[in-house]
Amino acid sequence: MLHQLFKFKGGVKPPTNKTQSVTLPIAAAPLPSRLIVPLHQSIGGTPRPVVQAGDKVRKGQLIGEADGWISAAVHAPTSGTVLAVAMQPQPHPSGLDALSVVIEPDGRDEWIDRQPFDYANATPDDTRRYLQQSGVVGLGGAVFPTHGKLTASRSVAMDELIINGAECEPYITCDDLLMRERAADIVRGIGIFRDLLQPKRVLIGIEDNKPEAAAAMRAAVAELGENFEVVSVPTRYPAGGAKQLIRVLTGKEVPAAKRSTDLGVQCFNVATAYTAWRAIAYGEPVVSRIVTVTGNVHAPRNYEALIGTPMDELLALAQPHPDTDGTVMGGPMMGFLVPTPDVPVVKATNCLIAHADRLFPPKAPEMPCIRCGACADACPHELQPFELYWHARAKNFGKTQQYHIFDCIECGCCSFVCPSRIPLVQYFRFAKSEIWAREREKNAADEAKTRFEFKQFREEREKAEKAEKLAKAAAAQAAKKAAEAAAAAADSSPAAPAEAAVDPAQAAKKAAIEAAMARAKAQREAAQPKNTDTLNPQQAEELAAIEARRQAAGLTDAAAGTAAVDATREAKTEE
Amino acid sequence: MDILLAIAIMALGAVVLGAALGYASIKFKVEGDPLVDKIDAILPQTQCGQCGFPGCKPYAEAIAKGEVDINLCPPGGMEGVQRLADLLGREVKPLDAEEKPKQIAIIDENTCIGCTLCIQACPVDAIVGAAKQMHTIIAGQCTGCELCLPPCPVECIRMEAIGENIDNWKWKYPVVEIKAADAARPAIKEAA
């Protein structure tokens, strides 16, 4: 079926150098002497180690537990003994260490009890969680946890699912070989993604310099009766960039600061689909990947290498020439020289290139920018690298953001075409990491500020609460005193309550009066003789007369309560 | 008559505009001093008091009033001084103290006696613990202000510099390599 293709602007055509490593099939790399498995192998949270030195592990056993939703688990690549959970050098341009699990293989390569995932009866959420626990991440290089991309946007209908088999970067052939040899499993994996995302159509984009891979994929799609379209796209770097491939296959341009899901498109690498299927159908977590070993070597080839294999041991299999002076991880456009040769292969390692000056002559010194605009023509994101360069060089980071530095995918096209050999991408990386660092500092400062202000507020509040409590206690004290005083005053003379009336604590006085009245009432009721319930008017009159006489004689029970009541009455009249 | 009319029009205009301005000054009143907020945004918010003020905000207020120098904030470093100078149009002065790398406090949990004094001293509530219970520092919240050091009766708190790690590592500024003359000469010959 003929598929209408679109073009992305810019791009370059570097020599592909792919033929060297495709002559031989994928070989399983032998067990290395030791495995260094970094815990942080995906974007997002750093997995927590769940093993310690001395533990025996089996192949596929969980060694790092995902930390948060955007994070993926890490597993032991072979059976053996954990030597250490320690800081180890990383395949990272910084050359810094990160927490890794070092495993000494026992040579038996013994799997855990592998159970296929009951996919037919699982809810989509279960499947996503299972993929997370199996450590499935984007193997195209960005290593974004795959399960995090398998939820369709609620607001936008999922139109296209794009499977990226473009593999546009020179030298790299791992996806090519994977598609040639294991197309059926890839297609089954794509089926899982299709089930979870429910797209209208599925497009598999493969650069037209890989006809064997495209044929194998087409055959597998036909054999499995799927309706996926395998599309050959023109070979042009960086056609394998997610946004570029989406553009080429669908004509949709993903705007700055938006995700492709906002346009109803999602993109996965072929190797990701393969590992997802291995996890679901065979219960195998991601413990190995295909790595192209090429460059300045005798026998370039693709190896299925265990995650954590030291790069020098893997590179040795391809017999590097004696003038090899370094190892590049990734391709020549976006890769970097690893800091030490023995750093481990990680999930992002798609290619190792033995570096030699013969293959990659040192760059001539940087010359001034002549504003030729070649970089702007080459930029696949339609940025203006020369403008970005001025501002990044002048450390004018606000301006670089105005020129959309964060849309730069660091593909290296601008540096590749620059006639002045300016390392443009290096400037952009520098500017980006500076901006990130500033953002981090700003956020930390803001948080410190809110916490400080809250602490101050809390201290004020506590002070106020304490003061209030003290005031209450003082008031209660005063009330008690006033009540006592009132009682005492009533005892000695009926004129005394006048003093209580002028008591400064009005509330206290009132409370005291109230309490005294209640007490008096209770007392009076208690003292009420029972035989006065049924009286005839004559008896009542008699009683009243007696009461009056008693009152006149000042013999009113001599109870403080009654006296207080009288006293309050007087006080009230005075008021 | 014309003159009177002109005066009347001008007077009317003055009254109307005056009323409008008066209304605007009430309606669009700016709460607080925006300059103080701008200065405060530059200060690192460690709340350490090394400037002699009880927190960053009071120092910002003092700077805004022009009472103090802008170089009293060691955690802000020379970059902070530079930015304050740019904002206020003042002259850049060397920092009044030694610039320290970013650090965080660490409690030796075996020595901690659980006295809670450091908890009270921490300006950003970055220490957790309770009386007679071990205390610990929430590393992500610690600003490295050192205010918890003096109150500790058993001196179990130490400061540790935050080294470079993969999460905070930054790409370096591309440097133009200056090569020795003999290395450069063949290149020139080639070009010629």
# chains A, B, ... in the order shown; residues from 1 in each chain; ligands from 1
>>> residues_around(residues="B:Cys142", least_positions_apart="4", cutoff="7 Å", atoms="only C-alpha atoms", output="PyMOL selection string")
chain B and resi 104-105+126+138
>>> closest_atom_pairs(of="chain B", to="chain A", cutoff="7 Å", atoms="only C-alpha atoms", output="CSV")
residue,atom,partner,partner_atom,distance
B:Pro44,CA,A:Ala445,CA,5.6
B:Gln45,CA,A:Ala445,CA,5.1
B:Thr46,CA,A:Ala448,CA,6.7
B:Pro123,CA,A:Phe452,CA,5.5
B:Val124,CA,A:Phe452,CA,4.6
B:Asp125,CA,A:Arg451,CA,6.8
B:Gln141,CA,A:Ala448,CA,7.0
B:Asn165,CA,A:Leu96,CA,6.4
B:Ile166,CA,A:Leu96,CA,6.2
B:Trp169,CA,A:Ser94,CA,6.9
B:Lys170,CA,A:Ser433,CA,5.2
B:Trp171,CA,A:Phe430,CA,4.7
B:Lys172,CA,A:Phe430,CA,5.8
B:Tyr173,CA,A:Phe430,CA,5.8
B:Pro174,CA,A:Tyr427,CA,6.3
>>> residues_around(residues="A:Pro300", least_positions_apart="4", cutoff="7 Å", atoms="only C-alpha atoms", output="list in words")
Gln20, Ser21, Val293, Thr294 and Ala318 of chain A
>>> select_by_dssp(residues="stretch 221-280 of chain A", states="helix (DSSP H, G or I)", output="short mmCIF file (atom, residue, chain, number, x, y, z; two decimals) with N, CA and C atoms, in the first residue's frame")
data_model
loop_
_atom_site.label_atom_id
_atom_site.label_comp_id
_atom_site.auth_asym_id
_atom_site.auth_seq_id
_atom_site.Cartn_x
_atom_site.Cartn_y
_atom_site.Cartn_z
N VAL A 221 4.05 -9.09 9.95
CA VAL A 221 2.73 -8.45 10.10
C VAL A 221 1.69 -9.27 9.35
N ALA A 222 2.06 -9.72 8.13
CA ALA A 222 1.11 -10.48 7.32
C ALA A 222 0.84 -11.83 7.97
N GLU A 223 1.89 -12.45 8.47
CA GLU A 223 1.77 -13.77 9.06
C GLU A 223 0.86 -13.74 10.29
N ALA A 242 11.73 11.30 17.35
CA ALA A 242 10.29 11.01 17.47
C ALA A 242 9.47 12.05 16.72
N LYS A 243 9.77 13.32 16.94
CA LYS A 243 8.96 14.37 16.32
C LYS A 243 9.14 14.38 14.80
N GLN A 244 10.35 14.03 14.35
CA GLN A 244 10.59 14.01 12.91
C GLN A 244 9.84 12.85 12.26
N LEU A 245 9.89 11.68 12.91
CA LEU A 245 9.21 10.52 12.33
C LEU A 245 7.70 10.74 12.31
N ILE A 246 7.20 11.37 13.35
CA ILE A 246 5.76 11.67 13.38
C ILE A 246 5.41 12.60 12.23
N ARG A 247 6.27 13.56 12.01
CA ARG A 247 6.06 14.51 10.90
C ARG A 247 6.05 13.76 9.56
N VAL A 248 7.05 12.91 9.38
CA VAL A 248 7.18 12.22 8.09
C VAL A 248 5.99 11.30 7.83
N LEU A 249 5.55 10.59 8.87
CA LEU A 249 4.51 9.58 8.67
C LEU A 249 3.10 10.16 8.68
N THR A 250 2.88 11.19 9.47
CA THR A 250 1.50 11.68 9.62
C THR A 250 1.31 13.11 9.13
N SER A 260 3.45 14.60 21.85
CA SER A 260 2.77 14.06 20.67
C SER A 260 1.40 13.53 21.04
N THR A 261 1.22 13.09 22.31
CA THR A 261 -0.10 12.57 22.71
C THR A 261 -1.16 13.67 22.62
N ASP A 262 -0.74 14.93 22.73
CA ASP A 262 -1.71 16.02 22.60
C ASP A 262 -2.28 16.07 21.18
N LEU A 263 -1.55 15.48 20.23
CA LEU A 263 -2.03 15.41 18.85
C LEU A 263 -2.56 14.03 18.52
N VAL A 270 11.22 -0.04 18.18
CA VAL A 270 10.95 -1.46 17.90
C VAL A 270 11.49 -2.35 19.02
N ALA A 271 12.67 -2.02 19.53
CA ALA A 271 13.27 -2.86 20.57
C ALA A 271 12.43 -2.82 21.85
N THR A 272 11.77 -1.68 22.08
CA THR A 272 10.89 -1.57 23.25
C THR A 272 9.73 -2.54 23.11
N ALA A 273 9.14 -2.59 21.92
CA ALA A 273 8.03 -3.51 21.68
C ALA A 273 8.50 -4.95 21.88
N TYR A 274 9.72 -5.23 21.44
CA TYR A 274 10.27 -6.58 21.58
C TYR A 274 10.41 -6.96 23.06
N THR A 275 11.01 -6.07 23.85
CA THR A 275 11.21 -6.40 25.27
C THR A 275 9.86 -6.49 25.99
N ALA A 276 8.90 -5.67 25.59
CA ALA A 276 7.58 -5.74 26.22
C ALA A 276 6.97 -7.12 25.98
N TRP A 277 7.12 -7.63 24.75
CA TRP A 277 6.57 -8.96 24.45
C TRP A 277 7.32 -10.04 25.22
N ARG A 278 8.65 -9.94 25.30
CA ARG A 278 9.43 -10.93 26.05
C ARG A 278 8.94 -10.96 27.50
N ALA A 279 8.68 -9.79 28.05
CA ALA A 279 8.25 -9.72 29.45
C ALA A 279 6.88 -10.37 29.61
N ILE A 280 5.98 -10.11 28.67
CA ILE A 280 4.61 -10.59 28.84
C ILE A 280 4.49 -12.07 28.49
#
>>> residues_around(residues="B:Ile107", least_positions_apart="4", cutoff="12 Å", atoms="only C-alpha atoms", output="ChimeraX atom specification")
/B:111-114,118-119,126-129,134-139,142,146,148-149,152,154-160
>>> closest_residue(among="A:Leu31, A:Val287, A:Ala471, A:Ala305", to="A:Asp109", atoms="only C-alpha atoms")
A:Leu31
>>> residues_around(residues="A:His321", least_positions_apart="3", cutoff="8 Å", atoms="only C-alpha atoms", output="list in words")
Asn296, Val297, His298 and Thr324 of chain A
>>> write_last_selection(atoms="C-alpha atoms", output="mmCIF file, in the first residue's frame")
data_model
loop_
_atom_site.group_PDB
_atom_site.id
_atom_site.type_symbol
_atom_site.label_atom_id
_atom_site.label_comp_id
_atom_site.auth_asym_id
_atom_site.auth_seq_id
_atom_site.Cartn_x
_atom_site.Cartn_y
_atom_site.Cartn_z
ATOM 1 C CA ASN A 296 37.693 0.773 14.607
ATOM 2 C CA VAL A 297 37.361 -2.991 15.013
ATOM 3 C CA HIS A 298 38.138 -6.150 13.030
ATOM 4 C CA THR A 324 41.747 2.419 19.307
#
>>> residues_around(residues="B:Leu84", least_positions_apart="2", cutoff="12 Å", atoms="only C-alpha atoms", output="VMD selection string")
chain B and resid 35 to 36 38 to 44 60 63 to 64 69 to 73 76 to 82 86 to 93
>>> write_last_selection(atoms="N, CA, C and O atoms", output="compact mmCIF listing (two decimals), in the first residue's frame")
# COMPACT_ATOMS: atom_id res chain seq x y z
N LEU B 35 10.37 46.51 45.28
CA LEU B 35 11.83 46.40 45.24
C LEU B 35 12.32 45.36 46.25
O LEU B 35 13.20 44.56 45.97
N VAL B 36 11.71 45.39 47.44
CA VAL B 36 12.09 44.42 48.47
C VAL B 36 11.88 43.00 47.95
O VAL B 36 12.74 42.13 48.11
N LYS B 38 11.86 42.03 44.87
CA LYS B 38 12.83 41.73 43.82
C LYS B 38 14.17 41.34 44.44
O LYS B 38 14.83 40.41 43.99
N ILE B 39 14.57 42.11 45.47
CA ILE B 39 15.84 41.79 46.13
C ILE B 39 15.73 40.43 46.81
O ILE B 39 16.61 39.59 46.72
N ASP B 40 14.60 40.22 47.46
CA ASP B 40 14.38 38.97 48.18
C ASP B 40 14.46 37.77 47.22
O ASP B 40 14.93 36.70 47.59
N ALA B 41 14.00 37.99 45.99
CA ALA B 41 14.02 36.89 45.02
C ALA B 41 15.45 36.53 44.63
O ALA B 41 15.72 35.41 44.23
N ILE B 42 16.36 37.50 44.70
CA ILE B 42 17.76 37.21 44.36
C ILE B 42 18.46 36.50 45.52
O ILE B 42 19.29 35.62 45.31
N LEU B 43 18.09 36.86 46.74
CA LEU B 43 18.75 36.25 47.90
C LEU B 43 18.44 34.75 47.96
O LEU B 43 17.37 34.32 47.55
N PRO B 44 19.39 33.96 48.45
CA PRO B 44 19.24 32.50 48.32
C PRO B 44 18.25 31.86 49.29
O PRO B 44 18.04 30.65 49.23
N ALA B 60 16.79 42.06 52.80
CA ALA B 60 16.29 42.67 51.56
C ALA B 60 15.70 44.04 51.86
O ALA B 60 15.93 45.01 51.12
N ILE B 63 18.51 46.45 52.46
CA ILE B 63 19.17 46.84 51.20
C ILE B 63 18.30 47.86 50.47
O ILE B 63 18.79 48.88 49.97
N ALA B 64 16.99 47.60 50.44
CA ALA B 64 16.09 48.50 49.72
C ALA B 64 16.12 49.90 50.31
O ALA B 64 16.03 50.89 49.59
N ASP B 69 25.32 47.26 52.82
CA ASP B 69 25.98 46.88 51.58
C ASP B 69 25.30 45.66 50.98
O ASP B 69 24.56 44.95 51.66
N ILE B 70 25.60 45.42 49.70
CA ILE B 70 24.97 44.29 49.03
C ILE B 70 25.87 43.06 49.06
O ILE B 70 25.53 42.04 48.48
N ASN B 71 26.99 43.14 49.74
CA ASN B 71 27.95 42.03 49.67
C ASN B 71 28.02 41.25 50.98
O ASN B 71 29.05 40.72 51.34
N LEU B 72 26.92 41.20 51.71
CA LEU B 72 26.97 40.55 53.01
C LEU B 72 26.41 39.13 52.99
O LEU B 72 26.27 38.51 54.03
N CYS B 73 26.05 38.64 51.83
CA CYS B 73 25.38 37.34 51.78
C CYS B 73 26.31 36.26 51.25
O CYS B 73 26.42 36.09 50.04
N GLY B 76 24.83 33.53 48.84
CA GLY B 76 24.50 34.03 47.51
C GLY B 76 25.71 34.10 46.61
O GLY B 76 25.58 34.06 45.39
N GLY B 77 26.88 34.24 47.22
CA GLY B 77 28.12 34.26 46.45
C GLY B 77 28.28 35.52 45.62
O GLY B 77 27.46 36.44 45.67
N MET B 78 29.34 35.52 44.84
CA MET B 78 29.64 36.68 43.99
C MET B 78 28.54 36.88 42.95
O MET B 78 28.25 38.00 42.54
N GLU B 79 27.93 35.77 42.53
CA GLU B 79 26.89 35.88 41.52
C GLU B 79 25.71 36.67 42.07
O GLU B 79 25.13 37.51 41.38
N GLY B 80 25.41 36.41 43.34
CA GLY B 80 24.32 37.13 43.99
C GLY B 80 24.63 38.61 44.08
O GLY B 80 23.78 39.47 43.81
N VAL B 81 25.88 38.93 44.44
CA VAL B 81 26.29 40.33 44.55
C VAL B 81 26.14 41.00 43.19
O VAL B 81 25.62 42.12 43.07
N GLN B 82 26.58 40.28 42.16
CA GLN B 82 26.51 40.81 40.80
C GLN B 82 25.07 41.13 40.41
O GLN B 82 24.77 42.20 39.88
N ASP B 86 23.33 44.71 39.63
CA ASP B 86 22.62 44.99 38.38
C ASP B 86 21.23 45.55 38.66
O ASP B 86 20.77 46.48 38.01
N LEU B 87 20.58 44.96 39.65
CA LEU B 87 19.21 45.37 39.96
C LEU B 87 19.17 46.78 40.54
O LEU B 87 18.31 47.59 40.18
N LEU B 88 20.14 47.07 41.41
CA LEU B 88 20.06 48.32 42.15
C LEU B 88 20.92 49.42 41.56
O LEU B 88 20.91 50.55 42.04
N GLY B 89 21.69 49.08 40.53
CA GLY B 89 22.59 50.07 39.95
C GLY B 89 23.70 50.48 40.90
O GLY B 89 24.20 51.59 40.86
N ARG B 90 24.07 49.56 41.78
CA ARG B 90 25.17 49.86 42.69
C ARG B 90 26.44 49.20 42.19
O ARG B 90 26.43 48.39 41.27
N GLU B 91 27.52 49.55 42.86
CA GLU B 91 28.80 49.03 42.41
C GLU B 91 29.02 47.61 42.97
O GLU B 91 28.62 47.32 44.10
N VAL B 92 29.62 46.76 42.15
CA VAL B 92 29.91 45.41 42.62
C VAL B 92 31.06 45.47 43.61
O VAL B 92 32.08 46.11 43.36
N LYS B 93 30.85 44.82 44.74
CA LYS B 93 31.90 44.79 45.75
C LYS B 93 32.28 43.35 46.02
O LYS B 93 31.43 42.47 45.91
>>> residues_around(residues="A:Lys200", least_positions_apart="3", cutoff="12 Å", atoms="only C-alpha atoms", output="list in words")
Ala157, Met158, Asp159, Glu160, Leu161, Ile162, Arg194, Asp195, Leu197, Leu203, Asn227, Phe228, Glu229, Gly264, Val265 and Gln266 of chain A
>>> write_last_selection(atoms="all heavy atoms", output="short mmCIF file (atom, residue, chain, number, x, y, z; two decimals), in the first residue's frame")
data_model
loop_
_atom_site.label_atom_id
_atom_site.label_comp_id
_atom_site.auth_asym_id
_atom_site.auth_seq_id
_atom_site.Cartn_x
_atom_site.Cartn_y
_atom_site.Cartn_z
N ALA A 157 -8.36 11.93 21.06
CA ALA A 157 -8.48 10.56 20.57
C ALA A 157 -7.13 10.11 20.02
O ALA A 157 -6.41 10.89 19.39
CB ALA A 157 -9.54 10.49 19.48
N MET A 158 -6.75 8.87 20.27
CA MET A 158 -5.48 8.35 19.78
C MET A 158 -5.64 7.98 18.31
O MET A 158 -6.39 7.07 17.97
CB MET A 158 -5.10 7.14 20.64
CG MET A 158 -3.76 6.52 20.35
SD MET A 158 -2.35 7.64 20.45
CE MET A 158 -2.27 7.96 22.18
N ASP A 159 -4.95 8.73 17.46
CA ASP A 159 -5.06 8.48 16.03
C ASP A 159 -4.04 7.45 15.56
O ASP A 159 -4.38 6.46 14.96
CB ASP A 159 -4.84 9.78 15.24
CG ASP A 159 -6.00 10.74 15.42
OD1 ASP A 159 -7.12 10.26 15.62
OD2 ASP A 159 -5.76 11.96 15.38
N GLU A 160 -2.76 7.76 15.85
CA GLU A 160 -1.71 6.91 15.31
C GLU A 160 -0.78 6.41 16.40
O GLU A 160 -0.40 7.16 17.30
CB GLU A 160 -0.86 7.69 14.28
CG GLU A 160 -1.55 7.86 12.96
CD GLU A 160 -1.96 9.29 12.72
OE1 GLU A 160 -1.77 10.13 13.62
OE2 GLU A 160 -2.50 9.58 11.63
N LEU A 161 -0.43 5.16 16.26
CA LEU A 161 0.65 4.60 17.07
C LEU A 161 1.81 4.42 16.11
O LEU A 161 1.67 3.75 15.08
CB LEU A 161 0.22 3.26 17.68
CG LEU A 161 1.32 2.46 18.37
CD1 LEU A 161 1.91 3.23 19.53
CD2 LEU A 161 0.78 1.12 18.86
N ILE A 162 2.93 5.03 16.44
CA ILE A 162 4.08 4.97 15.53
C ILE A 162 5.17 4.13 16.14
O ILE A 162 5.52 4.30 17.31
CB ILE A 162 4.56 6.40 15.21
CG1 ILE A 162 3.48 7.04 14.35
CG2 ILE A 162 5.92 6.40 14.54
CD1 ILE A 162 3.81 8.34 13.77
N ARG A 194 -0.88 -1.59 20.98
CA ARG A 194 -2.11 -1.24 20.28
C ARG A 194 -3.32 -1.49 21.19
O ARG A 194 -4.21 -0.65 21.30
CB ARG A 194 -2.21 -2.10 19.01
CG ARG A 194 -3.34 -1.75 18.06
CD ARG A 194 -4.49 -2.74 18.07
NE ARG A 194 -4.14 -4.09 18.47
CZ ARG A 194 -3.88 -5.08 17.64
NH1 ARG A 194 -3.88 -4.87 16.34
NH2 ARG A 194 -3.61 -6.29 18.11
N ASP A 195 -3.31 -2.63 21.90
CA ASP A 195 -4.43 -2.94 22.79
C ASP A 195 -4.57 -1.89 23.88
O ASP A 195 -5.68 -1.53 24.27
CB ASP A 195 -4.22 -4.31 23.44
CG ASP A 195 -4.30 -5.43 22.42
OD1 ASP A 195 -4.72 -5.14 21.28
OD2 ASP A 195 -3.95 -6.58 22.76
N LEU A 197 -3.47 1.29 23.87
CA LEU A 197 -3.69 2.67 23.43
C LEU A 197 -4.89 2.83 22.51
O LEU A 197 -5.41 3.92 22.35
CB LEU A 197 -2.43 3.21 22.72
CG LEU A 197 -1.25 3.53 23.63
CD1 LEU A 197 -0.02 3.83 22.80
CD2 LEU A 197 -1.55 4.70 24.54
N LEU A 203 1.54 2.58 12.50
CA LEU A 203 2.51 2.77 11.42
C LEU A 203 3.90 2.40 11.93
O LEU A 203 4.30 2.82 13.02
CB LEU A 203 2.53 4.24 10.97
CG LEU A 203 1.20 4.84 10.52
CD1 LEU A 203 1.33 6.34 10.39
CD2 LEU A 203 0.78 4.22 9.20
N ASN A 227 -3.02 -5.47 11.06
CA ASN A 227 -3.22 -4.46 10.02
C ASN A 227 -2.24 -3.29 10.17
O ASN A 227 -2.56 -2.16 9.87
CB ASN A 227 -4.67 -3.96 10.04
CG ASN A 227 -5.03 -3.35 11.38
OD1 ASN A 227 -4.25 -3.47 12.33
ND2 ASN A 227 -6.17 -2.70 11.45
N PHE A 228 -1.06 -3.60 10.68
CA PHE A 228 -0.05 -2.54 10.82
C PHE A 228 0.53 -2.22 9.44
O PHE A 228 0.67 -3.10 8.60
CB PHE A 228 1.10 -2.99 11.73
CG PHE A 228 0.67 -3.53 13.06
CD1 PHE A 228 1.47 -4.44 13.75
CD2 PHE A 228 -0.53 -3.13 13.65
CE1 PHE A 228 1.08 -4.94 14.99
CE2 PHE A 228 -0.92 -3.63 14.88
CZ PHE A 228 -0.11 -4.54 15.55
N GLU A 229 0.86 -0.95 9.26
CA GLU A 229 1.48 -0.55 7.99
C GLU A 229 2.97 -0.39 8.20
O GLU A 229 3.39 0.35 9.09
CB GLU A 229 0.92 0.81 7.55
CG GLU A 229 -0.39 0.74 6.82
CD GLU A 229 -0.87 2.15 6.50
OE1 GLU A 229 -0.22 2.83 5.69
OE2 GLU A 229 -1.88 2.57 7.09
N GLY A 264 -2.65 13.17 19.53
CA GLY A 264 -3.16 11.83 19.29
C GLY A 264 -2.16 10.89 18.65
O GLY A 264 -2.53 10.00 17.90
N VAL A 265 -0.87 11.10 18.94
CA VAL A 265 0.16 10.23 18.37
C VAL A 265 1.06 9.76 19.51
O VAL A 265 1.37 10.53 20.42
CB VAL A 265 1.03 10.98 17.33
CG1 VAL A 265 1.97 10.01 16.63
CG2 VAL A 265 0.16 11.69 16.31
N GLN A 266 1.43 8.51 19.48
CA GLN A 266 2.41 8.02 20.43
C GLN A 266 3.45 7.23 19.67
O GLN A 266 3.15 6.62 18.64
CB GLN A 266 1.71 7.16 21.50
CG GLN A 266 2.57 6.78 22.68
CD GLN A 266 3.12 7.97 23.44
OE1 GLN A 266 4.02 8.69 22.96
NE2 GLN A 266 2.60 8.22 24.62
#
>>> atom_distance(atom1="atom CA of B:Ala130", atom2="atom CA of B:Cys115")
7.9 Å
>>> closest_residue(among="A:Ile186, A:Pro380, A:Ser420, A:Val328", to="A:Lys363", atoms="only C-alpha atoms")
A:Ser420
>>> atom_distance(atom1="atom CA of A:Gly308", atom2="atom CA of A:Met217")
29.6 Å
>>> select_by_dssp(residues="stretch 85-265 of chain A", states="strand (DSSP E or B)", output="PDB file with C-alpha atoms, in the first residue's frame")
ATOM      1  CA  VAL A  85      25.911  -2.134  46.163  1.00  0.00           C
ATOM      2  CA  ALA A  86      28.200   0.801  45.678  1.00  0.00           C
ATOM      3  CA  MET A  87      29.031   3.911  43.696  1.00  0.00           C
ATOM      4  CA  GLN A  88      30.484   2.934  40.323  1.00  0.00           C
ATOM      5  CA  PRO A  89      31.581   4.941  37.274  1.00  0.00           C
ATOM      6  CA  ASP A  97      29.723   7.606  39.891  1.00  0.00           C
ATOM      7  CA  ALA A  98      26.230   6.400  40.712  1.00  0.00           C
ATOM      8  CA  LEU A  99      24.781   3.656  42.854  1.00  0.00           C
ATOM      9  CA  SER A 100      25.128   0.288  41.134  1.00  0.00           C
ATOM     10  CA  VAL A 101      24.793  -3.370  42.012  1.00  0.00           C
ATOM     11  CA  VAL A 102      27.949  -5.326  41.244  1.00  0.00           C
ATOM     12  CA  ILE A 103      27.306  -9.008  40.540  1.00  0.00           C
ATOM     13  CA  GLU A 104      29.811 -11.799  40.108  1.00  0.00           C
ATOM     14  CA  PRO A 105      28.270 -14.374  37.739  1.00  0.00           C
ATOM     15  CA  TRP A 111      16.713 -17.948  35.499  1.00  0.00           C
ATOM     16  CA  VAL A 137      11.872   1.308  29.084  1.00  0.00           C
ATOM     17  CA  PRO A 145       9.609   4.156  31.259  1.00  0.00           C
ATOM     18  CA  GLU A 160      -1.708   6.913  15.306  1.00  0.00           C
ATOM     19  CA  LEU A 161       0.648   4.604  17.070  1.00  0.00           C
ATOM     20  CA  ILE A 162       4.076   4.972  15.528  1.00  0.00           C
ATOM     21  CA  ILE A 163       6.727   2.341  15.862  1.00  0.00           C
ATOM     22  CA  ASN A 164      10.180   3.720  15.319  1.00  0.00           C
ATOM     23  CA  GLY A 165      12.466   1.488  13.345  1.00  0.00           C
ATOM     24  CA  ARG A 201      -3.898   2.890  12.897  1.00  0.00           C
ATOM     25  CA  VAL A 202      -0.423   1.626  13.541  1.00  0.00           C
ATOM     26  CA  LEU A 203       2.514   2.773  11.419  1.00  0.00           C
ATOM     27  CA  ILE A 204       5.944   1.210  11.518  1.00  0.00           C
ATOM     28  CA  GLY A 205       8.517   3.619  10.100  1.00  0.00           C
ATOM     29  CA  ILE A 206      11.745   2.119   8.766  1.00  0.00           C
ATOM     30  CA  GLU A 207      14.388   4.049   6.820  1.00  0.00           C
ATOM     31  CA  GLU A 229       1.476  -0.551   7.992  1.00  0.00           C
ATOM     32  CA  VAL A 230       5.188  -0.894   7.438  1.00  0.00           C
ATOM     33  CA  VAL A 231       6.346   2.329   5.809  1.00  0.00           C
ATOM     34  CA  SER A 232       9.740   2.987   4.297  1.00  0.00           C
ATOM     35  CA  VAL A 233      10.824   6.528   5.003  1.00  0.00           C
ATOM     36  CA  TYR A 237      19.297  12.095   9.643  1.00  0.00           C
ATOM     37  CA  VAL A 265       0.159  10.232  18.371  1.00  0.00           C
TER      38      VAL A 265
END
>>> closest_residue(among="A:Gly412, A:Pro91, A:Pro77, A:Pro124", to="A:Glu110", atoms="only C-alpha atoms")
A:Pro77
>>> atom_distance(atom1="atom CA of A:Trp390", atom2="atom CA of A:Lys258")
26.1 Å
